[in-house]
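Trainee: Attaching a single structure in structure tokens format; questions to follow.
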Amino acid sequence: MPRSVNNVASRAKRKRILKLAKGFFGRKKNVWTVAKNAVEKGLVYAYRDRKQKKREFRAVWIQRINAGARQHGLSYSELMGKLKKSGIDLNRKVLADLAMNHPEAFTAVINKVK
């Protein structure tokens with residue numbers, strides 16, 4: 001009995017990886033072994049950076065809130081403590097948006113907690 005290989009699945013797997021490698025430079029886009037390694041590494045970076053993106057945005061929000069708070073004579077930590085104590089539940093994303101794009105609303109929030 002001849003050896004049976006599932007060539008349909010093998011070709012589909014190669015096709016899927018090479019499709020993910022579209023846009024890569026040089027042999028990374030069309031040579032199977034090189035493309036496979038490049039795509040695997042790219043997917044690892046994508047997974048890692050989806051987590052890092054959340055951290056980076058939180059840091060940006062904190063910097064924006066701190067800058068807005070210092071214009072009113074408060075530090076970031078003082079402002080967050082007073083917000084928590086006064087029961088105002090605004091997350092950092094919303095506070096950063098207020099501080100940057102709606103300063104009068106941010107001032108109203110600050111005056112509420114002072």
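Residue numbering restarts at 1 in every chain; chains get A, B, ... in the order shown in the structure tokens, and ligands count up from 1 in that same order.
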Please provide the set of residues having any atom within 12 Å of Arg27 in chain A, restricted to only C-alpha atoms, with same-chain residues fewer than 6 positions apart removed, written as a list in words.
Mentor: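 Once the nearby chain positions are removed, what remains is Leu18, Ala21, Thr33, Val34, Ala35, Lys36, Asn37 and Ala38 of chain A.
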Trainee: Atoms to include: N, CA, C and O atoms. Write the selected residues as a PDB file, in the first residue's frame.
Mentor:
```pdb
ATOM      1  N   LEU A  18       2.135  31.776   4.329  1.00  0.00           N
ATOM      2  CA  LEU A  18       2.646  32.696   3.306  1.00  0.00           C
ATOM      3  C   LEU A  18       1.706  33.886   3.122  1.00  0.00           C
ATOM      4  O   LEU A  18       2.155  34.995   2.800  1.00  0.00           O
ATOM      5  N   ALA A  21       2.597  36.305   5.657  1.00  0.00           N
ATOM      6  CA  ALA A  21       3.899  36.921   5.384  1.00  0.00           C
ATOM      7  C   ALA A  21       3.821  37.971   4.287  1.00  0.00           C
ATOM      8  O   ALA A  21       4.849  38.541   3.921  1.00  0.00           O
ATOM      9  N   THR A  33      10.540  28.284   4.730  1.00  0.00           N
ATOM     10  CA  THR A  33      11.168  28.192   6.052  1.00  0.00           C
ATOM     11  C   THR A  33      11.421  29.584   6.636  1.00  0.00           C
ATOM     12  O   THR A  33      11.217  29.812   7.835  1.00  0.00           O
ATOM     13  N   VAL A  34      11.869  30.506   5.789  1.00  0.00           N
ATOM     14  CA  VAL A  34      12.150  31.863   6.263  1.00  0.00           C
ATOM     15  C   VAL A  34      10.844  32.558   6.658  1.00  0.00           C
ATOM     16  O   VAL A  34      10.748  33.210   7.695  1.00  0.00           O
ATOM     17  N   ALA A  35       9.828  32.394   5.812  1.00  0.00           N
ATOM     18  CA  ALA A  35       8.530  33.031   6.077  1.00  0.00           C
ATOM     19  C   ALA A  35       7.908  32.475   7.351  1.00  0.00           C
ATOM     20  O   ALA A  35       7.324  33.224   8.138  1.00  0.00           O
ATOM     21  N   LYS A  36       8.027  31.166   7.555  1.00  0.00           N
ATOM     22  CA  LYS A  36       7.444  30.540   8.753  1.00  0.00           C
ATOM     23  C   LYS A  36       8.051  31.138  10.015  1.00  0.00           C
ATOM     24  O   LYS A  36       7.340  31.500  10.950  1.00  0.00           O
ATOM     25  N   ASN A  37       9.377  31.287  10.034  1.00  0.00           N
ATOM     26  CA  ASN A  37      10.047  31.863  11.202  1.00  0.00           C
ATOM     27  C   ASN A  37       9.657  33.325  11.401  1.00  0.00           C
ATOM     28  O   ASN A  37       9.414  33.768  12.527  1.00  0.00           O
ATOM     29  N   ALA A  38       9.578  34.071  10.293  1.00  0.00           N
ATOM     30  CA  ALA A  38       9.243  35.494  10.392  1.00  0.00           C
ATOM     31  C   ALA A  38       7.818  35.681  10.892  1.00  0.00           C
ATOM     32  O   ALA A  38       7.555  36.558  11.729  1.00  0.00           O
TER      33      ALA A  38
END
```
Trainee: Please identify all polymer residues within 9 Å of Val113 in chain A, counting only C-alpha atoms, omitting same-chain residues fewer than 3 positions from it, and present them as a list in words.
Mentor: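 So the residues in contact are Leu79, Lys82, Leu83, Lys85, Ser86, Ile88, Ala108, Val109 and Ile110 of chain A.
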Trainee: Can you write out the residues you just picked, keeping N, CA and C atoms, as a PDB file, in the first residue's frame?
Mentor:
```pdb
ATOM      1  N   LEU A  79      -4.916  64.161  43.673  1.00  0.00           N
ATOM      2  CA  LEU A  79      -6.176  64.217  42.934  1.00  0.00           C
ATOM      3  C   LEU A  79      -6.893  62.872  42.964  1.00  0.00           C
ATOM      4  N   LYS A  82      -8.369  62.209  46.398  1.00  0.00           N
ATOM      5  CA  LYS A  82      -9.565  63.024  46.665  1.00  0.00           C
ATOM      6  C   LYS A  82     -10.758  62.564  45.836  1.00  0.00           C
ATOM      7  N   LEU A  83     -10.508  62.136  44.596  1.00  0.00           N
ATOM      8  CA  LEU A  83     -11.597  61.602  43.766  1.00  0.00           C
ATOM      9  C   LEU A  83     -12.206  60.365  44.415  1.00  0.00           C
ATOM     10  N   LYS A  85     -12.069  59.526  47.604  1.00  0.00           N
ATOM     11  CA  LYS A  85     -12.721  59.893  48.858  1.00  0.00           C
ATOM     12  C   LYS A  85     -14.083  60.539  48.629  1.00  0.00           C
ATOM     13  N   SER A  86     -14.192  61.352  47.566  1.00  0.00           N
ATOM     14  CA  SER A  86     -15.458  62.026  47.293  1.00  0.00           C
ATOM     15  C   SER A  86     -16.432  61.155  46.511  1.00  0.00           C
ATOM     16  N   ILE A  88     -16.244  60.003  43.370  1.00  0.00           N
ATOM     17  CA  ILE A  88     -16.370  60.260  41.928  1.00  0.00           C
ATOM     18  C   ILE A  88     -15.667  59.124  41.185  1.00  0.00           C
ATOM     19  N   ALA A 108     -14.051  71.717  36.578  1.00  0.00           N
ATOM     20  CA  ALA A 108     -15.253  71.485  37.389  1.00  0.00           C
ATOM     21  C   ALA A 108     -15.072  70.249  38.279  1.00  0.00           C
ATOM     22  N   VAL A 109     -14.456  69.212  37.753  1.00  0.00           N
ATOM     23  CA  VAL A 109     -14.192  68.005  38.548  1.00  0.00           C
ATOM     24  C   VAL A 109     -13.229  68.328  39.682  1.00  0.00           C
ATOM     25  N   ILE A 110     -12.186  69.102  39.374  1.00  0.00           N
ATOM     26  CA  ILE A 110     -11.193  69.477  40.403  1.00  0.00           C
ATOM     27  C   ILE A 110     -11.851  70.309  41.485  1.00  0.00           C
TER      28      ILE A 110
END
```
Trainee: Hey, which of A:Val44, A:Ala105, A:Leu20, A:Ile65 ends up closest to Asn91 in chain A? Count only C-alpha atoms.
Mentor: A:Ile65
Trainee: Please report the interatomic distance between CA of Asp97 in chain A and CA of Lys51 in chain A in Å with one decimal.
Mentor: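 Answer for the CA of Asp97 in chain A to CA of Lys51 in chain A separation: 21.6 Å.
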Trainee: Just the number, please: distance in Å from CA of Arg16 in chain A to CA of Arg3 in chain A, one decimal.
Mentor: 25.0 Å
Trainee: Could you work out how far CA of Arg48 in chain A lies from CA of Gly23 in chain A, giving the answer in Å with one decimal?
Mentor: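 Pair CA of Gly23 in chain A / CA of Arg48 in chain A returns 21.0 Å.
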Trainee: In terms of the shortest atom-to-atom distance over only C-alpha atoms, which of A:Gly87, A:Pro103, A:Gly42, A:Gly81 is closest to Arg64 in chain A?
Mentor: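 Looking only at the distances to Arg64 in chain A, the closest residue turns out to be A:Pro103.
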Trainee: Which is closest to Arg70 in chain A among A:Val31, A:Arg58, A:Phe106, A:Lys84, if we use only C-alpha atoms?
Mentor: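 Selected residue with least distance to Arg70 in chain A: A:Phe106.
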Trainee: Please run DSSP on the backbone and report, as a VMD selection string, all residues within range 10-100 of chain A that come out as alpha helix (DSSP H).
Mentor: chain A and resid 10 to 20 32 to 70 76 to 86 92 to 100
Trainee: Using only C-alpha atoms, which of the listed residues (A:Ala99, A:Leu90, A:Val8, A:Ala46) sits closest to Ala69 in chain A?
Mentor: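 Ranked by minimum distance to Ala69 in chain A, first place goes to A:Ala99.
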Trainee: Determine the nearest neighbour of Lys28 in chain A from the options A:Lys41, A:Met100, A:Lys112, A:Ala9, counting only C-alpha atoms.
Mentor: A:Lys41
